[in-house]
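What follows is model.txt (compact mmCIF, C-alpha atoms).
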# COMPACT_ATOMS: atom_id res chain seq x y z
CA MET A 21 147.89 48.17 153.52
CA LYS A 22 146.85 51.30 155.39
CA GLU A 23 148.06 54.60 153.99
CA MET A 24 150.15 57.01 156.05
CA GLY A 25 148.68 60.50 156.20
CA LYS A 26 150.44 63.82 156.57
CA MET A 27 151.75 65.03 159.91
CA ARG A 28 149.16 66.92 161.96
CA LYS A 29 150.31 69.52 164.47
CA THR A 30 148.24 70.79 167.39
CA GLU A 31 148.87 72.53 170.67
CA VAL A 32 146.63 70.23 172.73
CA LEU A 33 145.66 66.72 171.65
CA ILE A 34 142.77 65.20 173.60
CA ILE A 35 142.36 61.45 173.35
CA GLY A 36 138.74 60.58 174.04
CA GLY A 37 135.61 62.61 173.37
CA GLY A 38 133.62 61.61 176.45
CA PRO A 39 132.59 63.96 179.27
CA ALA A 40 136.19 64.53 180.42
CA GLY A 41 137.56 65.03 176.92
CA LEU A 42 134.85 67.43 175.76
CA CYS A 43 135.16 69.55 178.89
CA ALA A 44 138.95 69.57 178.54
CA ALA A 45 138.60 70.79 174.95
CA GLN A 46 136.30 73.64 175.92
CA ALA A 47 138.53 74.68 178.83
CA ALA A 48 141.81 74.65 176.89
CA SER A 49 140.25 76.50 173.97
CA SER A 50 138.69 79.13 176.24
CA LEU A 51 142.19 80.16 177.32
CA GLY A 52 143.45 80.37 173.75
CA ALA A 53 144.93 76.96 172.92
CA SER A 54 144.16 75.13 169.68
CA VAL A 55 142.71 71.68 170.30
CA LEU A 56 142.35 68.41 168.41
CA VAL A 57 139.99 65.78 169.87
CA CYS A 58 140.27 62.16 168.69
CA GLU A 59 137.18 60.07 169.43
CA ARG A 60 136.92 56.42 168.35
CA ASP A 61 133.10 56.40 168.13
CA GLU A 62 130.98 58.15 165.53
CA PHE A 63 129.49 60.62 167.99
CA PRO A 64 131.33 62.33 170.87
CA GLY A 65 129.83 62.03 174.33
CA GLY A 66 131.21 58.76 175.62
CA GLN A 67 129.03 57.01 178.18
CA LEU A 68 126.70 60.01 178.33
CA VAL A 69 125.04 59.04 175.04
CA LYS A 70 123.48 55.97 176.71
CA GLN A 71 122.60 57.47 180.10
CA THR A 72 118.92 58.38 180.40
CA HIS A 73 118.91 59.02 184.16
CA LYS A 74 119.15 62.47 185.73
CA PHE A 75 122.43 63.64 187.22
CA PHE A 76 123.17 64.84 190.72
CA GLY A 77 125.71 67.49 191.71
CA SER A 78 125.35 71.19 191.05
CA LYS A 79 124.27 73.38 188.17
CA LYS A 80 127.84 73.38 186.87
CA GLN A 81 127.64 69.60 186.46
CA TYR A 82 124.21 69.88 184.79
CA ALA A 83 122.33 68.50 187.80
CA GLY A 84 118.75 67.58 186.98
CA HIS A 85 119.53 66.81 183.33
CA ARG A 86 119.80 63.39 181.74
CA GLY A 87 123.13 62.12 180.47
CA ILE A 88 121.97 62.07 176.86
CA ALA A 89 121.04 65.77 177.15
CA ILE A 90 124.37 66.62 178.81
CA ALA A 91 126.21 65.08 175.85
CA ASP A 92 124.26 67.44 173.59
CA PHE A 93 125.05 70.42 175.85
CA LEU A 94 128.79 69.69 175.74
CA ARG A 95 128.81 69.33 171.95
CA GLU A 96 126.81 72.53 171.59
CA GLU A 97 129.25 74.40 173.82
CA LEU A 98 132.12 73.40 171.57
CA SER A 99 130.32 74.37 168.36
CA ALA A 100 129.23 77.69 169.89
CA ALA A 101 132.75 78.64 170.97
CA PRO A 102 133.66 82.17 169.86
CA ALA A 103 135.88 82.67 166.83
CA GLY A 104 139.54 82.24 167.66
CA PRO A 105 141.25 79.04 168.81
CA LYS A 106 140.23 76.09 166.70
CA ILE A 107 138.63 72.98 168.18
CA GLU A 108 138.69 70.11 165.73
CA LEU A 109 136.74 66.94 166.44
CA MET A 110 137.90 63.80 164.68
CA PRO A 111 135.30 61.03 165.17
CA LYS A 112 135.90 57.41 164.19
CA THR A 113 139.56 57.95 165.06
CA THR A 114 141.42 55.51 167.30
CA VAL A 115 144.74 56.51 168.85
CA VAL A 116 146.97 53.46 168.68
CA GLY A 117 150.27 54.67 170.11
CA ILE A 118 152.23 57.36 171.91
CA TYR A 119 155.96 57.17 171.24
CA GLU A 120 159.12 58.23 173.04
CA ASP A 121 159.63 61.24 170.79
CA GLY A 122 156.13 62.48 171.66
CA LEU A 123 154.54 61.60 168.33
CA VAL A 124 151.08 60.03 168.36
CA LEU A 125 149.68 57.63 165.78
CA ALA A 126 145.96 57.32 165.11
CA GLU A 127 143.90 55.25 162.68
CA ARG A 128 140.93 56.65 160.77
CA ASN A 129 139.18 55.22 157.72
CA GLU A 130 142.06 52.86 156.89
CA GLU A 131 144.54 55.74 157.15
CA ILE A 132 147.30 56.14 159.72
CA ILE A 133 147.53 59.72 160.98
CA LYS A 134 150.68 61.12 162.57
CA ILE A 135 150.04 63.80 165.20
CA ASP A 136 152.64 66.08 166.75
CA PRO A 137 151.04 67.67 169.85
CA GLN A 138 152.66 69.99 172.34
CA LYS A 139 150.47 68.63 175.15
CA ILE A 140 148.33 65.50 175.43
CA ILE A 141 145.25 64.98 177.60
CA ILE A 142 144.41 61.29 177.95
CA ALA A 143 140.68 60.90 178.60
CA THR A 144 140.15 57.32 177.43
CA GLY A 145 137.67 56.29 180.13
CA ALA A 146 137.31 52.79 181.53
CA ALA A 147 136.39 49.25 180.48
CA GLU A 148 133.89 46.95 182.14
CA ASP A 149 135.18 44.23 184.42
CA PHE A 150 134.07 40.66 183.94
CA LEU A 151 133.36 37.85 186.38
CA PRO A 152 134.64 34.27 186.13
CA PHE A 153 132.00 31.57 186.59
CA PRO A 154 130.98 28.45 184.66
CA GLY A 155 128.85 29.41 181.68
CA ASN A 156 129.99 33.03 181.50
CA ASP A 157 130.69 32.58 177.77
CA LEU A 158 127.08 31.74 176.92
CA PRO A 159 125.18 34.14 174.65
CA GLY A 160 123.05 36.24 176.95
CA VAL A 161 125.81 37.21 179.38
CA TYR A 162 126.41 40.96 179.01
CA GLY A 163 128.16 43.79 180.73
CA ALA A 164 125.83 46.50 182.03
CA GLY A 165 127.27 49.02 179.59
CA ALA A 166 126.48 46.71 176.69
CA VAL A 167 122.89 46.38 177.90
CA GLN A 168 122.63 50.17 178.11
CA THR A 169 123.92 50.45 174.56
CA LEU A 170 121.39 47.93 173.30
CA MET A 171 118.50 49.68 175.05
CA ASN A 172 119.30 53.36 174.88
CA VAL A 173 121.38 53.66 171.72
CA GLU A 174 120.25 50.84 169.43
CA GLY A 175 116.67 50.52 170.71
CA ILE A 176 116.96 46.76 171.19
CA VAL A 177 115.33 44.89 174.07
CA PRO A 178 118.08 42.58 175.40
CA GLY A 179 115.79 39.86 176.74
CA LYS A 180 112.66 39.00 178.70
CA ARG A 181 113.99 38.23 182.19
CA VAL A 182 117.29 39.51 183.59
CA LEU A 183 119.47 38.62 186.56
CA MET A 184 121.55 41.66 187.53
CA VAL A 185 124.86 40.81 189.20
CA GLY A 186 126.09 43.91 191.02
CA ALA A 187 124.37 46.68 192.97
CA SER A 188 126.61 49.61 192.12
CA ASN A 189 125.02 52.72 190.65
CA ILE A 190 125.24 51.28 187.15
CA GLY A 191 123.63 48.01 188.25
CA LEU A 192 120.78 49.80 189.99
CA ILE A 193 120.25 52.31 187.17
CA VAL A 194 120.24 49.69 184.41
CA SER A 195 117.84 47.52 186.42
CA TYR A 196 115.41 50.42 186.64
CA GLN A 197 115.78 51.21 182.94
CA LEU A 198 115.11 47.56 182.08
CA SER A 199 111.91 47.63 184.13
CA GLN A 200 110.82 50.81 182.33
CA ILE A 201 110.88 49.05 178.94
CA GLY A 202 108.95 46.06 180.25
CA VAL A 203 111.80 43.65 180.98
CA GLU A 204 111.39 41.63 184.17
CA VAL A 205 114.37 41.86 186.52
CA ALA A 206 114.41 38.66 188.55
CA ALA A 207 116.75 40.12 191.18
CA VAL A 208 119.74 42.33 191.79
CA ILE A 209 122.41 40.42 193.69
CA ARG A 210 125.62 41.63 195.33
CA ARG A 211 128.24 39.69 197.26
CA SER A 212 128.82 42.48 199.82
CA PRO A 213 126.46 43.06 202.78
CA THR A 214 125.43 46.51 201.49
CA ILE A 215 124.65 48.04 198.13
CA GLY A 216 127.37 50.00 196.35
CA GLY A 217 125.22 52.73 194.81
CA TYR A 218 123.12 55.69 195.87
CA LEU A 219 120.08 54.96 198.03
CA VAL A 220 117.86 56.95 195.66
CA HIS A 221 118.56 54.46 192.85
CA ALA A 222 117.98 51.48 195.15
CA SER A 223 114.69 52.96 196.36
CA LYS A 224 113.44 53.36 192.79
CA ILE A 225 113.94 49.71 191.90
CA ARG A 226 112.51 48.52 195.21
CA ARG A 227 109.39 50.55 194.46
CA ALA A 228 109.32 48.81 191.09
CA GLY A 229 109.18 45.48 192.92
CA ILE A 230 112.70 44.37 192.08
CA PRO A 231 114.37 42.51 194.95
CA ILE A 232 117.90 43.48 195.99
CA ARG A 233 119.68 40.56 197.59
CA THR A 234 122.94 41.41 199.29
CA ARG A 235 125.40 38.69 200.36
CA HIS A 236 124.46 36.72 197.24
CA THR A 237 126.48 35.97 194.13
CA ILE A 238 126.31 33.84 191.00
CA LYS A 239 127.59 30.27 191.02
CA LYS A 240 127.05 29.37 187.36
CA ALA A 241 125.01 30.06 184.25
CA TYR A 242 123.42 27.28 182.23
CA GLY A 243 121.57 26.75 178.98
CA GLY A 244 121.60 24.93 175.67
CA GLY A 245 123.55 27.29 173.48
CA LYS A 246 122.28 30.41 175.28
CA VAL A 247 121.45 31.56 178.80
CA GLU A 248 118.39 29.84 180.22
CA GLY A 249 119.07 30.42 183.90
CA ALA A 250 121.59 30.82 186.67
CA VAL A 251 122.35 29.30 190.04
CA ILE A 252 122.99 31.81 192.81
CA TYR A 253 123.95 31.26 196.43
CA ARG A 254 124.31 33.12 199.69
CA VAL A 255 127.70 33.97 201.22
CA ASP A 256 128.62 34.39 204.88
CA GLU A 257 130.47 37.27 206.54
CA ASN A 258 133.73 35.88 205.12
CA ARG A 259 132.23 35.76 201.60
CA LYS A 260 132.24 31.95 201.69
CA PRO A 261 129.31 29.95 200.21
CA VAL A 262 126.59 29.03 202.68
CA PRO A 263 125.92 25.29 202.23
CA GLY A 264 122.44 24.50 200.94
CA SER A 265 121.69 28.12 199.91
CA GLU A 266 121.75 27.52 196.13
CA GLU A 267 118.76 28.83 194.17
CA ASP A 268 117.81 28.40 190.52
CA VAL A 269 116.91 31.68 188.80
CA LYS A 270 115.26 31.38 185.39
CA CYS A 271 116.45 34.14 183.04
CA ASP A 272 117.58 34.69 179.47
CA VAL A 273 120.02 37.52 180.29
CA ILE A 274 122.71 37.78 182.96
CA CYS A 275 123.90 41.37 183.28
CA LEU A 276 127.24 42.00 184.99
CA ALA A 277 127.71 45.32 186.79
CA VAL A 278 130.82 44.33 188.71
CA GLY A 279 133.04 47.34 188.23
CA LEU A 280 135.23 49.21 185.79
CA SER A 281 138.97 49.38 185.17
CA PRO A 282 140.73 52.52 183.91
CA LEU A 283 141.90 52.33 180.29
CA THR A 284 145.49 53.37 180.80
CA GLU A 285 147.42 51.62 178.01
CA LEU A 286 148.37 54.97 176.49
CA CYS A 287 149.59 56.22 179.87
CA TRP A 288 151.94 53.23 180.07
CA GLN A 289 153.10 53.88 176.50
CA ALA A 290 153.78 57.53 177.32
CA GLY A 291 156.10 56.47 180.14
CA CYS A 292 153.93 57.88 182.92
CA LYS A 293 154.65 56.61 186.41
CA MET A 294 151.85 54.21 187.34
CA ALA A 295 150.54 52.96 190.68
CA TYR A 296 148.06 50.31 191.73
CA ILE A 297 145.40 52.03 193.84
CA PRO A 298 142.37 49.77 194.46
CA GLU A 299 140.17 52.68 195.55
CA LEU A 300 140.64 54.19 192.08
CA SER A 301 139.84 50.81 190.47
CA GLY A 302 143.27 49.61 189.42
CA HIS A 303 146.50 50.82 187.87
CA VAL A 304 146.34 54.57 187.35
CA PRO A 305 148.86 57.25 186.37
CA VAL A 306 150.42 59.21 189.20
CA ILE A 307 149.08 62.73 188.75
CA ASP A 308 149.23 65.95 190.72
CA ARG A 309 146.33 68.18 191.74
CA TYR A 310 146.40 69.80 188.28
CA MET A 311 145.88 66.43 186.50
CA ALA A 312 149.51 66.45 185.28
CA ALA A 313 151.29 63.10 184.90
CA THR A 314 154.99 62.52 185.50
CA ASN A 315 155.57 62.88 181.77
CA PRO A 316 155.46 66.69 181.55
CA LYS A 317 153.69 66.49 178.21
CA VAL A 318 150.77 64.44 179.52
CA TYR A 319 147.62 65.16 181.54
CA VAL A 320 144.98 62.59 182.46
CA ALA A 321 141.30 63.15 183.24
CA GLY A 322 138.14 61.15 183.80
CA ASP A 323 137.98 57.42 184.48
CA ALA A 324 141.49 56.92 183.07
CA ALA A 325 142.71 58.76 186.18
CA GLY A 326 140.50 56.69 188.51
CA VAL A 327 136.89 55.55 188.13
CA GLU A 328 134.32 58.05 189.40
CA GLU A 329 130.98 59.49 188.32
CA ALA A 330 130.64 61.44 185.06
CA SER A 331 130.16 64.65 187.07
CA SER A 332 133.69 64.32 188.43
CA ALA A 333 135.02 63.43 184.98
CA MET A 334 133.67 66.69 183.56
CA VAL A 335 135.33 68.75 186.29
CA GLU A 336 138.61 66.85 185.93
CA GLY A 337 138.46 67.50 182.19
CA ARG A 338 138.09 71.23 182.74
CA LEU A 339 140.97 71.21 185.22
CA ALA A 340 143.22 69.30 182.79
CA GLY A 341 142.29 71.65 179.96
CA TYR A 342 143.10 74.75 181.98
CA SER A 343 146.38 73.21 183.15
CA ALA A 344 147.49 72.15 179.68
CA ALA A 345 146.74 75.60 178.24
CA LEU A 346 148.51 77.34 181.12
CA SER A 347 151.61 75.20 180.61
CA LEU A 348 151.71 76.55 177.04
CA GLY A 349 151.61 80.12 178.32
CA TYR A 350 147.89 80.81 177.93
CA GLY A 351 145.68 82.35 180.62
CA LYS A 352 148.44 83.31 183.02
CA SER A 353 146.16 85.78 184.80
CA THR A 354 142.95 83.74 184.75
CA ALA A 355 143.92 80.06 184.72
CA PRO A 356 145.06 79.79 188.37
CA GLY A 357 141.66 80.98 189.56
CA LEU A 358 139.86 78.59 187.21
CA GLN A 359 142.05 75.72 188.40
CA ALA A 360 141.26 76.53 192.04
CA GLU A 361 137.56 76.69 191.26
CA ALA A 362 137.62 73.29 189.55
CA ALA A 363 139.64 71.77 192.40
CA ALA A 364 137.03 73.04 194.87
CA GLU A 365 134.26 71.49 192.78
CA LEU A 366 136.02 68.13 192.88
CA GLU A 367 136.39 68.34 196.64
CA GLU A 368 132.68 69.07 196.99
CA LEU A 369 131.71 66.16 194.71
CA ARG A 370 133.89 63.79 196.75
CA ALA A 371 132.52 64.90 200.12
CA GLY A 372 130.35 62.69 202.31
CA PRO A 373 130.25 58.92 202.78
CA VAL A 374 129.78 58.13 199.07
CA GLY A 375 133.10 59.77 198.21
CA ALA A 376 135.07 58.12 201.04
CA GLN A 377 136.64 55.53 198.74
CA ILE A 378 137.78 58.15 196.23
CA ARG A 379 139.17 60.36 199.00
CA GLU A 380 141.21 57.44 200.29
CA GLY A 381 142.51 56.82 196.79
CA MET A 382 143.49 60.48 196.50
CA ARG A 383 145.30 60.27 199.85
CA LYS A 384 147.31 57.30 198.60
CA MET A 385 148.13 59.23 195.44
CA GLU A 386 149.30 62.19 197.51
CA LYS A 387 151.56 59.98 199.62
CA LEU A 388 153.50 58.96 196.55
CA LYS A 389 154.93 62.49 196.56
CA VAL A 390 156.13 62.38 192.99
CA SER A 391 156.85 65.65 191.21
CA SER A 392 155.06 65.83 187.87
CA GLY A 393 157.32 68.34 186.16
CA GLU A 394 155.87 71.57 184.79
CA GLY A 395 152.33 70.25 185.12
CA GLY A 396 150.51 73.50 184.46
CA HIS A 397 151.19 74.82 187.95
CA PRO A 398 150.26 78.45 188.49
Rendering of file as structure tokens:
Amino acid sequence: MKEMGKMRKTEVLIIGGGPAGLCAAQAASSLGASVLVCERDEFPGGQLVKQTHKFFGSKKQYAGHRGIAIADFLREELSAAPAGPKIELMPKTTVVGIYEDGLVLAERNEEIIKIDPQKIIIATGAAEDFLPFPGNDLPGVYGAGAVQTLMNVEGIVPGKRVLMVGASNIGLIVSYQLSQIGVEVAAVIRRSPTIGGYLVHASKIRRAGIPIRTRHTIKKAYGGGKVEGAVIYRVDENRKPVPGSEEDVKCDVICLAVGLSPLTELCWQAGCKMAYIPELSGHVPVIDRYMAATNPKVYVAGDAAGVEEASSAMVEGRLAGYSAALSLGYGKSTAPGLQAEAAAELEELRAGPVGAQIREGMRKMEKLKVSSGEGGHP
């Protein structure tokens, strides 16, 4: 039986110590709020700890630095915070419930911890999507994030020859990283007629001799107890199989980079109004421009609010942190300007053709016209 710990009180509870959560902690603390960050993994940083590619954006989003370095920067910023408001990081802590009375339960080292926060920032990230096809339960079928973890965190080579299914940024980036450690990438395939990631990533893998085959998808995987190959086929303009286009691809790993879905279970538990917005990758909480949900105690940032790049997650985290602190009465003279600055950064990151999908998702969110209560508004 797990023991019940003492009640913990905090002004701002942040659930998730990834890029959004760490930036939210720094922002809320900078205005004077005390912060508790619950992170289920041993080390804060989220997906950044496995990302070895350099980031785009501006200096404020650490452009030109690799994700693994950015994770270090964010942790260093928290530890270097001036004396005053306390930021407490609780690693290996999983939040398991948010209840009607506002109490939060978390589990750590076989102990149940009760937390009584004044404000909650949900920054739980996203989970990898899967793809149904015969043989998808064979050993050797991985999500792209799992392959990144094996390579960049555990130092394990996942296989000898990989078929990458999906040409989003993550699919292109992981394909390049695989080639860098000597793994052959048989092909990158994508059902759509165009790639879904940045051209710079696609150009790098093409220069590495990795073919990108659009309008192709996987039909099945096969093997005796593990992946030994896959059958792929071409699709027409209606995404229907082209008869006679099947090809046999020998491989021992099939890597799926077919999208992410926001992890919003805690938003549902907290009674936040939810909406299905495909452009934001699924069911997401209805939030206002200050990252405030319809539950006036809750803010949401990062992929839990809609899947985007880590650069956007960091800015959203800062915005949520400023908003949560302001709603508690901190930074009345400075927070509105900081909120406006963060909102402008988000608009800049979402500009251009790459951000068109996110902008459409934001427009749909705006049309819902739901008041989010106090929400940290200036």
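Taking only C-alpha atoms into account, Thr284 (chain A) lies nearest to A:Thr144 out of the set A:Thr144, A:Gln67, A:Ser199, A:Asn129.
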| Long-range neighbours of Asp272 (chain A) as a ChimeraX atom specification, 10 Å cut-off, only C-alpha atoms, 5 positions minimum in chain | /A:159-161,178-183,241-243,246-250
| request: Do a neighbour search on Leu339 (chain A) at 7 Å with all atoms listed in the file, toss out local chain neighbours closer than 5 positions, and write the hits as an NGL selection string. | output: :A and (310-311 or 359 or 362)
Selected residues written out, C-alpha atoms, as a CSV table (one decimal), keeping the file's coordinate frame:
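Below you can see part_19.csv, which holds the result:
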chain,number,residue,atom,x,y,z
A,310,TYR,CA,146.4,69.8,188.3
A,311,MET,CA,145.9,66.4,186.5
A,359,GLN,CA,142.0,75.7,188.4
A,362,ALA,CA,137.6,73.3,189.6
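Distance annotation: of A:Ala277, A:Val32, A:Ile238, A:Val173, the residue with the minimal separation from Gly216 (chain A) is A:Ala277; atom set is all atoms listed in the file.
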| One-decimal distance in Å that lies between CA of Val320 (chain A) and CA of Leu348 (chain A) | 16.4 Å
| request: List the neighbours of region 106-113 of chain A out to 9 Å using all atoms listed in the file; skip same-chain residues closer than 3 positions along the sequence, and give me the result as a list in words. | output: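 Contacts, with the query itself left out: Gly37, Ala45, Gln46, Ser49, Gly52, Ala53, Ser54, Val55, Leu56, Val57, Cys58, Glu59, Arg60, Asp61, Glu62, Phe63, Pro64, Leu98, Ser99, Ala101, Ala103, Ala126, Glu127, Arg128 and Asn129 of chain A.
The shortest atom-to-atom distance to Arg379 (chain A), with only C-alpha atoms taken into account, belongs to A:Gly326 out of A:Glu336, A:Ala48, A:Tyr350, A:Gly326.
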| message | I'd like the interatomic distance between CA of Ala330 (chain A) and CA of Ile190 (chain A), to a tenth of an Å. | response | 11.7 Å
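Remark: for Ala206 (chain A), the closest of the candidate residues A:Glu285, A:Val269, A:Leu300, A:Arg227 is A:Val269 (distances computed over all atoms listed in the file).
Closest approach to Met382 (chain A) from the set A:Lys352, A:Arg210, A:Arg309, A:Arg235 is made by A:Arg309, with distances taken over all atoms listed in the file.
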| said: My list of candidates is A:Cys287, A:Val205, A:Val167, A:Ala40. Which is closest to His303 (chain A) when distances are computed with all atoms listed in the file? | reply: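 Of A:Cys287, A:Val205, A:Val167, A:Ala40, the one nearest His303 (chain A), counting all atoms listed in the file, is A:Cys287.
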| query | What does the distance from CA of Met334 (chain A) to CA of Asp136 (chain A) come to in Å, to one decimal? | reply |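 So the two atoms, CA of Met334 (chain A) and CA of Asp136 (chain A), lie 25.4 Å apart.
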| Shell of 12 Å around Gly165 (chain A), all atoms listed in the file, local chain residues under 5 positions omitted, as a list in words |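 These residues fall inside the cut-off: Gly66, Gln67, Leu68, Val69, Lys70, Gln71, Ala146, Ala147, Glu148, Asp149, Phe150, Leu170, Met171, Asn172, Val173, Pro178, Asn189, Ile190, Gly191, Ile193, Val194, Ser195, Cys275, Leu276, Ala277, Val278, Gly279 and Leu280 of chain A.
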| query | Could you name the residues that touch Ala364 (chain A) at 10 Å or less, counting all atoms listed in the file, but leaving out those on the same chain fewer than 6 positions away, as a ChimeraX atom specification? | reply | /A:335,358,370
